[in-house]
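As provided, data29.csv (CSV, C-alpha atoms) reads as follows.
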```csv
chain,number,residue,atom,x,y,z
A,1,MET,CA,0.0,0.0,0.0
A,2,GLY,CA,2.8,2.4,0.8
A,3,PHE,CA,4.6,1.7,-2.5
A,4,SER,CA,1.3,2.2,-4.3
A,5,LYS,CA,0.7,5.6,-2.7
A,6,GLU,CA,4.2,6.8,-3.2
A,7,PHE,CA,4.2,5.6,-6.8
A,8,ARG,CA,0.9,7.4,-7.6
A,9,ALA,CA,2.2,10.6,-5.9
A,10,GLU,CA,5.4,10.4,-8.0
A,11,ARG,CA,3.4,10.0,-11.2
A,12,ALA,CA,1.2,13.0,-10.3
A,13,ALA,CA,4.2,15.1,-9.5
A,14,GLU,CA,5.8,14.2,-12.9
A,15,ALA,CA,2.5,15.0,-14.7
A,16,LEU,CA,2.4,18.5,-13.0
A,17,HIS,CA,6.1,19.0,-13.9
A,18,SER,CA,5.4,18.2,-17.5
A,19,CYS,CA,2.8,21.0,-17.6
A,20,VAL,CA,5.4,23.6,-16.8
A,21,THR,CA,7.5,24.7,-19.7
A,22,HIS,CA,10.2,27.4,-20.0
A,23,THR,CA,11.3,28.9,-23.3
A,24,VAL,CA,14.4,31.0,-24.2
A,25,VAL,CA,15.3,33.2,-27.1
A,26,ALA,CA,18.1,31.4,-29.1
A,27,LEU,CA,20.0,32.3,-32.2
A,28,ARG,CA,19.7,29.5,-34.8
A,29,ASP,CA,20.2,29.7,-38.5
A,30,TRP,CA,21.0,33.4,-38.1
A,31,ALA,CA,17.5,34.1,-36.7
A,32,ALA,CA,16.2,34.6,-33.2
A,33,CYS,CA,13.5,32.0,-32.2
A,34,GLN,CA,11.8,30.8,-29.1
A,35,ILE,CA,12.8,27.2,-28.1
A,36,ASP,CA,12.1,25.0,-25.1
A,37,VAL,CA,15.0,25.1,-22.6
A,38,VAL,CA,15.3,21.3,-22.8
A,39,GLY,CA,16.2,21.7,-26.5
A,40,LEU,CA,19.3,23.7,-25.7
A,41,VAL,CA,22.7,22.2,-26.6
A,42,PRO,CA,26.3,23.5,-26.0
A,43,GLY,CA,27.1,26.1,-28.6
A,44,ASP,CA,23.7,27.7,-28.8
A,45,VAL,CA,23.7,31.5,-28.5
A,46,VAL,CA,20.8,32.8,-26.2
A,47,ARG,CA,19.5,36.2,-25.2
A,48,LEU,CA,18.4,36.8,-21.6
A,49,VAL,CA,16.6,39.8,-20.1
A,50,LEU,CA,15.3,40.9,-16.7
A,51,GLY,CA,13.6,38.2,-14.7
A,52,ALA,CA,14.8,35.3,-16.9
A,53,ILE,CA,15.8,32.1,-15.2
A,54,ILE,CA,19.2,30.9,-16.6
A,55,PRO,CA,18.5,27.7,-18.5
A,56,ALA,CA,22.1,26.4,-18.6
A,57,ASP,CA,25.6,27.3,-17.8
A,58,ILE,CA,26.5,30.2,-20.1
A,59,ARG,CA,29.6,32.2,-21.1
A,60,LEU,CA,28.8,35.8,-21.6
A,61,LEU,CA,29.4,37.4,-25.0
A,62,THR,CA,27.7,40.8,-24.3
A,63,SER,CA,26.5,42.3,-21.1
A,64,GLU,CA,24.4,45.4,-20.4
A,65,GLU,CA,24.4,46.4,-16.7
A,66,MET,CA,24.0,42.7,-15.9
A,67,LEU,CA,23.2,41.6,-12.3
A,68,CYS,CA,22.4,38.0,-11.4
A,69,ASP,CA,20.9,36.5,-8.3
A,70,GLU,CA,23.1,33.5,-7.5
A,71,GLY,CA,21.8,32.9,-4.0
A,72,ILE,CA,20.6,29.4,-4.9
A,73,LEU,CA,24.3,28.4,-5.5
A,74,THR,CA,26.4,30.7,-3.4
A,75,GLY,CA,24.0,31.7,-0.6
A,76,GLU,CA,24.8,35.4,-1.2
A,77,SER,CA,21.8,37.7,-0.7
A,78,LEU,CA,23.2,40.5,-3.0
A,79,PRO,CA,23.2,39.9,-6.8
A,80,ALA,CA,26.5,39.4,-8.5
A,81,ASP,CA,27.8,41.8,-11.1
A,82,LYS,CA,28.4,40.1,-14.5
A,83,THR,CA,30.8,41.2,-17.2
A,84,THR,CA,32.4,39.8,-20.3
A,85,ALA,CA,35.9,40.1,-19.0
A,86,SER,CA,37.8,36.7,-18.9
A,87,ILE,CA,38.9,35.1,-15.6
A,88,VAL,CA,42.5,33.9,-15.6
A,89,GLY,CA,43.4,30.9,-13.5
A,90,ASP,CA,41.3,28.9,-11.1
A,91,ALA,CA,38.5,30.8,-9.5
A,92,ALA,CA,35.6,30.0,-7.1
A,93,LEU,CA,32.1,29.7,-8.3
A,94,ALA,CA,31.1,33.1,-6.9
A,95,ASP,CA,34.1,34.8,-8.6
A,96,LEU,CA,33.2,33.7,-12.2
A,97,ALA,CA,31.8,37.0,-13.3
A,98,CYS,CA,31.9,36.1,-16.9
A,99,CYS,CA,29.6,33.1,-16.5
A,100,LEU,CA,25.9,32.5,-15.8
A,101,PHE,CA,24.8,29.4,-14.0
A,102,MET,CA,21.7,27.3,-14.4
A,103,GLY,CA,18.9,28.0,-11.9
A,104,THR,CA,20.0,31.6,-11.1
A,105,VAL,CA,17.9,34.6,-12.0
A,106,VAL,CA,18.6,37.8,-14.0
A,107,GLN,CA,18.1,40.6,-11.4
A,108,SER,CA,18.7,43.5,-13.9
A,109,GLY,CA,20.1,44.2,-17.3
A,110,SER,CA,20.3,41.9,-20.3
A,111,CYS,CA,22.9,39.8,-22.0
A,112,THR,CA,23.9,37.5,-24.8
A,113,GLY,CA,25.8,34.3,-24.1
A,114,VAL,CA,26.8,30.9,-25.5
A,115,VAL,CA,25.7,27.7,-23.8
A,116,VAL,CA,28.7,25.7,-22.4
A,117,ALA,CA,26.9,23.1,-20.3
A,118,THR,CA,23.4,21.7,-19.9
A,119,GLY,CA,21.5,19.2,-17.7
A,120,GLY,CA,23.6,17.2,-15.4
A,121,ARG,CA,26.9,18.7,-16.7
A,122,ALA,CA,25.9,22.2,-15.3
A,123,GLU,CA,26.8,23.3,-11.8
A,124,PHE,CA,23.1,23.2,-10.7
A,125,GLY,CA,22.6,19.9,-12.5
A,126,ARG,CA,25.4,18.2,-10.6
A,127,ILE,CA,23.9,19.3,-7.3
A,128,ALA,CA,20.5,17.9,-8.4
A,129,LEU,CA,22.1,14.6,-9.4
A,130,GLY,CA,23.9,14.4,-6.1
A,131,LEU,CA,20.6,14.8,-4.2
A,132,GLY,CA,19.3,11.7,-6.1
A,133,GLU,CA,22.0,9.4,-4.8
A,134,PRO,CA,21.3,7.1,-1.9
A,135,GLN,CA,21.7,8.8,1.4
A,136,PRO,CA,24.4,7.3,3.7
A,137,GLN,CA,23.1,5.4,6.7
A,138,THR,CA,23.1,7.3,10.0
A,139,GLU,CA,24.7,6.0,13.2
A,140,PHE,CA,21.2,5.3,14.5
A,141,GLN,CA,20.4,3.2,11.5
A,142,LEU,CA,23.6,1.3,11.8
A,143,GLY,CA,23.0,0.7,15.5
A,144,LEU,CA,19.4,-0.5,14.8
A,145,LYS,CA,20.8,-2.8,12.1
A,146,ARG,CA,23.3,-4.3,14.5
A,147,PHE,CA,20.6,-4.8,17.2
A,148,SER,CA,18.3,-6.5,14.6
A,149,PHE,CA,21.2,-8.8,13.6
A,150,LEU,CA,21.7,-9.7,17.2
A,151,LEU,CA,18.1,-10.6,17.7
A,152,GLN,CA,18.2,-12.7,14.5
A,153,GLN,CA,21.1,-14.7,15.8
A,154,VAL,CA,19.4,-15.2,19.2
A,155,ALA,CA,16.2,-16.4,17.4
A,156,VAL,CA,18.0,-18.8,15.1
A,157,ARG,CA,20.1,-20.4,17.8
A,158,LEU,CA,17.3,-20.6,20.3
A,159,THR,CA,14.9,-22.1,17.7
A,160,THR,CA,17.5,-24.6,16.6
A,161,LEU,CA,18.2,-25.6,20.2
A,162,ILE,CA,14.5,-26.1,21.0
A,163,PHE,CA,14.0,-28.1,17.8
A,164,LEU,CA,16.8,-30.4,18.6
A,165,ALA,CA,15.6,-30.8,22.2
A,166,ASN,CA,12.2,-31.8,21.0
A,167,LEU,CA,13.6,-34.4,18.7
A,168,LEU,CA,15.7,-35.8,21.5
A,169,LEU,CA,12.6,-36.0,23.7
A,170,GLY,CA,10.9,-38.1,21.0
A,171,ARG,CA,8.5,-35.5,19.7
A,172,PRO,CA,7.1,-35.8,16.1
A,173,LEU,CA,9.2,-34.0,13.5
A,174,LEU,CA,6.4,-31.8,12.2
A,175,GLU,CA,5.2,-30.9,15.7
A,176,SER,CA,8.8,-30.0,16.8
A,177,LEU,CA,9.3,-27.8,13.7
A,178,LEU,CA,6.0,-25.9,14.2
A,179,PHE,CA,6.7,-25.4,17.9
A,180,SER,CA,10.2,-24.0,17.1
A,181,LEU,CA,8.8,-21.6,14.6
A,182,ALA,CA,6.2,-20.5,17.1
A,183,ILE,CA,8.9,-19.7,19.6
A,184,ALA,CA,10.9,-17.8,16.9
A,185,VAL,CA,7.8,-15.7,16.1
A,186,GLY,CA,7.1,-15.1,19.7
A,187,ILE,CA,10.6,-13.7,20.6
A,188,THR,CA,10.7,-11.5,17.5
A,189,PRO,CA,10.0,-7.8,18.5
A,190,GLN,CA,7.2,-7.2,15.9
A,191,LEU,CA,6.4,-3.8,17.3
A,192,LEU,CA,10.0,-2.5,17.2
A,193,PRO,CA,9.5,-0.6,13.9
A,194,ALA,CA,6.3,1.0,15.3
A,195,VAL,CA,7.9,1.9,18.6
A,196,VAL,CA,11.0,3.4,16.8
A,197,SER,CA,8.8,5.5,14.4
A,198,THR,CA,6.6,6.7,17.3
A,199,CYS,CA,9.6,7.8,19.3
A,200,LEU,CA,11.2,9.6,16.3
A,201,ALA,CA,7.9,11.3,15.5
A,202,SER,CA,7.7,12.5,19.0
A,203,GLY,CA,11.2,14.0,18.6
A,204,THR,CA,10.1,15.8,15.4
A,205,ARG,CA,7.2,17.5,17.2
A,206,ALA,CA,9.6,18.6,20.0
A,207,LEU,CA,12.0,20.1,17.5
A,208,ALA,CA,9.2,21.7,15.5
A,209,LYS,CA,8.2,23.7,18.6
A,210,ARG,CA,11.8,25.1,18.5
A,211,LYS,CA,11.4,25.9,14.8
A,212,VAL,CA,13.6,23.1,13.6
A,213,LEU,CA,12.5,21.1,10.6
A,214,LEU,CA,13.9,17.7,9.7
A,215,LYS,CA,13.5,16.1,6.3
A,216,ARG,CA,14.7,12.7,7.4
A,217,LEU,CA,13.1,11.1,10.4
A,218,VAL,CA,16.2,8.9,11.2
A,219,CYS,CA,18.4,11.9,11.6
A,220,ILE,CA,16.8,12.9,14.9
A,221,GLU,CA,18.9,10.5,17.0
A,222,ASP,CA,22.2,11.7,15.5
A,223,LEU,CA,21.1,15.3,15.9
A,224,GLY,CA,20.4,14.6,19.6
A,225,ASP,CA,23.8,13.1,20.0
A,226,MET,CA,25.6,16.3,18.9
A,227,ASP,CA,27.4,18.4,21.5
A,228,ALA,CA,28.2,21.3,19.1
A,229,LEU,CA,27.0,22.1,15.6
A,230,VAL,CA,29.3,24.4,13.6
A,231,THR,CA,27.8,25.8,10.4
A,232,TYR,CA,28.6,28.5,7.8
A,233,LYS,CA,25.8,31.0,7.9
A,234,THR,CA,24.7,31.8,4.3
A,235,GLY,CA,21.5,31.9,2.4
A,236,ALA,CA,21.4,28.1,2.7
A,237,LEU,CA,20.5,28.5,6.4
A,238,THR,CA,18.7,31.8,6.2
A,239,GLU,CA,16.1,33.3,3.9
A,240,GLY,CA,18.8,34.6,1.6
A,241,ARG,CA,17.3,38.0,1.5
A,242,ILE,CA,17.8,41.4,3.2
A,243,SER,CA,15.2,42.8,5.6
A,244,PHE,CA,15.0,46.3,7.2
A,245,THR,CA,15.3,46.4,11.0
A,246,THR,CA,15.8,50.0,12.1
A,247,ALA,CA,17.3,53.3,11.0
A,248,LEU,CA,20.1,54.9,13.1
A,249,PRO,CA,20.2,58.7,12.7
A,250,VAL,CA,23.7,60.4,12.9
A,251,LEU,CA,22.6,64.0,12.9
A,252,PRO,CA,20.6,65.1,16.0
A,253,GLU,CA,18.2,67.2,14.0
A,254,VAL,CA,17.1,64.1,11.9
A,255,THR,CA,14.6,61.7,13.5
A,256,GLU,CA,14.5,58.0,12.8
A,257,ALA,CA,11.2,58.4,10.9
A,258,GLU,CA,12.7,61.2,8.7
A,259,LEU,CA,15.8,59.1,8.0
A,260,PHE,CA,13.7,56.2,6.9
A,261,THR,CA,11.7,58.5,4.7
A,262,LEU,CA,14.9,59.7,3.2
A,263,GLY,CA,15.9,56.2,2.4
A,264,LEU,CA,12.6,55.6,0.6
A,265,VAL,CA,13.0,58.8,-1.4
A,266,SER,CA,16.5,57.8,-2.4
A,267,THR,CA,15.3,54.5,-4.0
A,268,GLU,CA,14.6,54.1,-7.7
A,269,ALA,CA,11.0,53.0,-7.1
A,270,ASP,CA,8.1,54.9,-8.6
A,271,TYR,CA,5.9,55.8,-5.6
A,272,THR,CA,3.8,58.5,-7.3
A,273,HIS,CA,0.9,56.1,-8.0
A,274,GLY,CA,0.5,55.1,-4.3
A,275,THR,CA,1.6,51.5,-4.7
A,276,VAL,CA,5.2,50.4,-5.2
A,277,SER,CA,6.3,47.2,-6.9
A,278,THR,CA,9.5,45.6,-5.6
A,279,VAL,CA,9.9,43.4,-8.7
A,280,GLY,CA,13.2,44.1,-10.4
A,281,GLN,CA,14.5,46.4,-7.7
A,282,ASN,CA,17.9,45.9,-6.0
A,283,PRO,CA,17.7,44.0,-2.6
A,284,LEU,CA,18.3,47.1,-0.5
A,285,ASP,CA,15.5,49.1,-2.1
A,286,ALA,CA,13.1,46.2,-2.0
A,287,ALA,CA,13.9,45.7,1.8
A,288,LEU,CA,12.9,49.3,2.5
A,289,TRP,CA,9.6,49.1,0.7
A,290,GLU,CA,8.7,45.7,2.1
A,291,SER,CA,9.2,46.8,5.7
A,292,ALA,CA,6.2,47.6,7.9
A,293,GLN,CA,7.3,51.3,8.3
A,294,ALA,CA,6.8,51.8,4.5
A,295,ILE,CA,3.0,51.4,4.9
A,296,ASN,CA,2.8,54.9,6.5
A,297,PHE,CA,5.0,56.6,3.9
A,298,ASP,CA,3.6,59.9,2.7
A,299,SER,CA,5.0,61.4,-0.5
A,300,SER,CA,4.3,64.9,0.8
A,301,SER,CA,7.0,64.5,3.4
A,302,GLN,CA,9.6,64.9,0.6
A,303,GLN,CA,9.4,68.7,1.2
A,304,ARG,CA,10.7,68.3,4.8
A,305,ILE,CA,13.4,65.9,3.6
A,306,GLY,CA,14.5,68.4,1.0
A,307,ILE,CA,14.9,71.1,3.7
A,308,ILE,CA,17.0,68.7,5.8
A,309,LEU,CA,19.3,68.0,2.8
A,310,LEU,CA,19.7,71.7,2.1
```
Starting from the file, give its structure as C-alpha cells.
Amino acid sequence: MGFSKEFRAERAAEALHSCVTHTVVALRDWAACQIDVVGLVPGDVVRLVLGAIIPADIRLLTSEEMLCDEGILTGESLPADKTTASIVGDAALADLACCLFMGTVVQSGSCTGVVVATGGRAEFGRIALGLGEPQPQTEFQLGLKRFSFLLQQVAVRLTTLIFLANLLLGRPLLESLLFSLAIAVGITPQLLPAVVSTCLASGTRALAKRKVLLKRLVCIEDLGDMDALVTYKTGALTEGRISFTTALPVLPEVTEAELFTLGLVSTEADYTHGTVSTVGQNPLDAALWESAQAINFDSSSQQRIGIILL
C-alpha cells in the first residue's frame, strides 16, 4: 500500500512538472527564435533579459548592466555583477563574473551568451544529481541494524536448540518444527518498527516547537547526540534576502522616521501612484519598501526631507 501511494504521488508530480515549460530566445540559422530550454545544446547563443531564469551554464558574450541573483548556488543575498571580462586561472564559483549558471535569475540588465553546459553537466545539475544518490546510513540506522542482527542470531540459535531438544525427547518431527517456529515468532519484536517510528515522530514534534524542521526522520537520533554544531551562515541556512530592521540617525536634527523616509525617497522606485512594486529592484531598495514602516509613507514628506538635505 505504501509503495502504491508513493508511486501514484510520484506520477502525479511528474505530470504536473510536464505541464510547466520554459522557453528561451536562441539564435539559430542566423535568426532569433523561441525554443524550449530542454532543447538547448552546447554552442547555442541565447538572449536573456530581466527576470529570466538561466536555463544552462552560459559564457557571456555581451552584457548590459547585468546583475544575477546566485543565492541558490552561493548563498549570497546580494546579486552578482556580471561582465564579459575573462577570468584567468582557477576561481571560485562566486568569482566567475563572466559566466551565468543554471537556476539563477537575472536581477537586472540583459545579456547574450553561449551555452557551455546543460543538464547534469551544469553546476546546478550536478547538485541535483547528487541529491538523487542514496543517502548514507546514519549512526542510529547502523545501531538498529546491529541490534536487529543480534536478535536474529538469538532467534535462530534458540529455535535450533528447541527443535533439537524436542527431537531428543521423541516429539514428532512436524510438531517439533512448528513449535520451534512459534517460539521464533514469539521472541521477534514485531512492534519494534512502530515503537521506533513513534519515538522519532515525538522528537520531530519537539523540534518543530523550537522551529527546527527535519526532512529525514532517522536523523533525529544523530542530531540529539551532537554536542556542538558548527555551520557556515549563508543563504542556505537563512532566507537569503535582506530585511529592514531599524534606522540609526547620525545627525541630531534628523529623527528615525525622517531618516527612513529619506531612504525611501532615495530608492529608484516609482511611488507617485500610491503603490510600489519591488519586482526588479535591488535588494536594498526592496527591503525598505517591504518593511512595515513603509506602509505609512507619505510622499508629501519629501518637502521636509528636502529642507534637511539643504
Report summary line: Of A:Leu168, A:Pro189, A:Arg126, A:Arg47, the one nearest to Gln152 (chain A) when counting only C-alpha atoms is A:Pro189
Query - Nearby residues, (6.5, 22.5, -20.6) file frame, 12 Å, only C-alpha atoms, as a PyMOL selection string - result: chain A and resi 14-23+35-39
Query raised in the report: When you draw a straight line from CA of Glu70 (chain A) to CA of Lys215 (chain A), how long is it in Å?
Result: 24.2 Å
Could you please give me, as a tab-separated table (two decimals) with C-alpha atoms, in the frame of the given file, the residues of protein, DNA or RNA lying at most 12 Å from (19.0, 19.0, -12.3) in the coordinate frame of the file, considering all atoms listed in the file?
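Output file point-v4.tsv follows:
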```tsv
chain	number	residue	atom	x	y	z
A	38	VAL	CA	15.30	21.30	-22.80
A	55	PRO	CA	18.50	27.70	-18.50
A	56	ALA	CA	22.10	26.40	-18.60
A	57	ASP	CA	25.60	27.30	-17.80
A	102	MET	CA	21.70	27.30	-14.40
A	103	GLY	CA	18.90	28.00	-11.90
A	117	ALA	CA	26.90	23.10	-20.30
A	118	THR	CA	23.40	21.70	-19.90
A	119	GLY	CA	21.50	19.20	-17.70
A	120	GLY	CA	23.60	17.20	-15.40
A	121	ARG	CA	26.90	18.70	-16.70
A	122	ALA	CA	25.90	22.20	-15.30
A	123	GLU	CA	26.80	23.30	-11.80
A	124	PHE	CA	23.10	23.20	-10.70
A	125	GLY	CA	22.60	19.90	-12.50
A	126	ARG	CA	25.40	18.20	-10.60
A	127	ILE	CA	23.90	19.30	-7.30
A	128	ALA	CA	20.50	17.90	-8.40
A	129	LEU	CA	22.10	14.60	-9.40
A	130	GLY	CA	23.90	14.40	-6.10
A	131	LEU	CA	20.60	14.80	-4.20
A	132	GLY	CA	19.30	11.70	-6.10
```
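Distance-wise, CA of Gln293 (chain A) and CA of Val254 (chain A) end up 16.5 Å apart.
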Report summary line: One decimal place gives the CA of Gln190 (chain A)-CA of Val156 (chain A) separation as 15.9 Å
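Compared by their closest atoms to Ala294 (chain A), and using all atoms listed in the file, the residues A:Val230, A:Ala52, A:Ala92, A:Ala257 rank with A:Ala257 nearest.
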Requested in this report: Counting only C-alpha atoms, figure out which residue out of A:Ala91, A:Ile72, A:Leu181, A:Leu191 gets nearest to Phe163 (chain A).
Outcome: A:Leu181
Requested in this report: Determine, counting all atoms listed in the file, which protein, DNA and RNA residues have an atom within 12 Å of an atom of region 225-228 of chain A; residues of the same chain fewer than 5 positions away are not included. Present the result as a ChimeraX atom specification.
Outcome: /A:138-140,219-220
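The residue set within 7 Å of region 239-250 of chain A, counting all atoms listed in the file and dropping same-chain residues fewer than 4 places from it, reads Gly71, Gly75, Glu76, Ser77, Gly235, Val254, Thr255, Glu256, Leu259, Phe260, Pro283, Leu284, Ala287, Leu288 and Ser291 of chain A.
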**Report entry** A:Leu96, A:Val116, A:Trp30, A:Gly170 ranked by distance to Thr74 (chain A), top pick (using all atoms listed in the file)
**Finding:**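 Answer, going by the shortest atom-to-atom distance: A:Leu96.
Restricting the calculation to all atoms listed in the file, the smallest distance between Arg28 (chain A) and any of A:Val114, A:Glu10, A:Val106, A:Leu78 is found for A:Val114.
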Query - Counting all atoms listed in the file, the residue of A:Gly51, A:Gly203, A:Pro193, A:Gly43 that sits nearest Ser148 (chain A) - result: A:Pro193
Using the partial input, fill out region 194-206 of chain A with N, CA and C atoms; write the result as a short mmCIF file (atom, residue, chain, number, x, y, z; two decimals), in the coordinates of the input.
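Result saved to selection06.cif:
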```cif
data_model
loop_
_atom_site.label_atom_id
_atom_site.label_comp_id
_atom_site.auth_asym_id
_atom_site.auth_seq_id
_atom_site.Cartn_x
_atom_site.Cartn_y
_atom_site.Cartn_z
N ALA A 194 7.31 0.05 14.86
CA ALA A 194 6.30 1.00 15.30
C ALA A 194 6.76 1.84 16.45
N VAL A 195 7.43 1.20 17.42
CA VAL A 195 7.90 1.90 18.60
C VAL A 195 9.00 2.93 18.18
N VAL A 196 9.91 2.52 17.29
CA VAL A 196 11.00 3.40 16.80
C VAL A 196 10.37 4.62 16.09
N SER A 197 9.43 4.36 15.18
CA SER A 197 8.80 5.50 14.40
C SER A 197 8.05 6.40 15.35
N THR A 198 7.38 5.87 16.36
CA THR A 198 6.60 6.70 17.30
C THR A 198 7.57 7.61 18.09
N CYS A 199 8.67 7.04 18.55
CA CYS A 199 9.60 7.80 19.30
C CYS A 199 10.27 8.92 18.46
N LEU A 200 10.63 8.58 17.23
CA LEU A 200 11.20 9.60 16.30
C LEU A 200 10.23 10.65 15.98
N ALA A 201 8.97 10.28 15.76
CA ALA A 201 7.90 11.30 15.50
C ALA A 201 7.73 12.22 16.62
N SER A 202 7.82 11.68 17.84
CA SER A 202 7.70 12.50 19.00
C SER A 202 8.87 13.54 19.05
N GLY A 203 10.05 13.09 18.63
CA GLY A 203 11.20 14.00 18.60
C GLY A 203 11.00 15.11 17.54
N THR A 204 10.38 14.78 16.41
CA THR A 204 10.10 15.80 15.40
C THR A 204 9.18 16.88 15.90
N ARG A 205 8.18 16.48 16.66
CA ARG A 205 7.20 17.50 17.20
C ARG A 205 7.93 18.36 18.22
N ALA A 206 8.82 17.78 19.02
CA ALA A 206 9.60 18.60 20.00
C ALA A 206 10.47 19.60 19.29
#
```
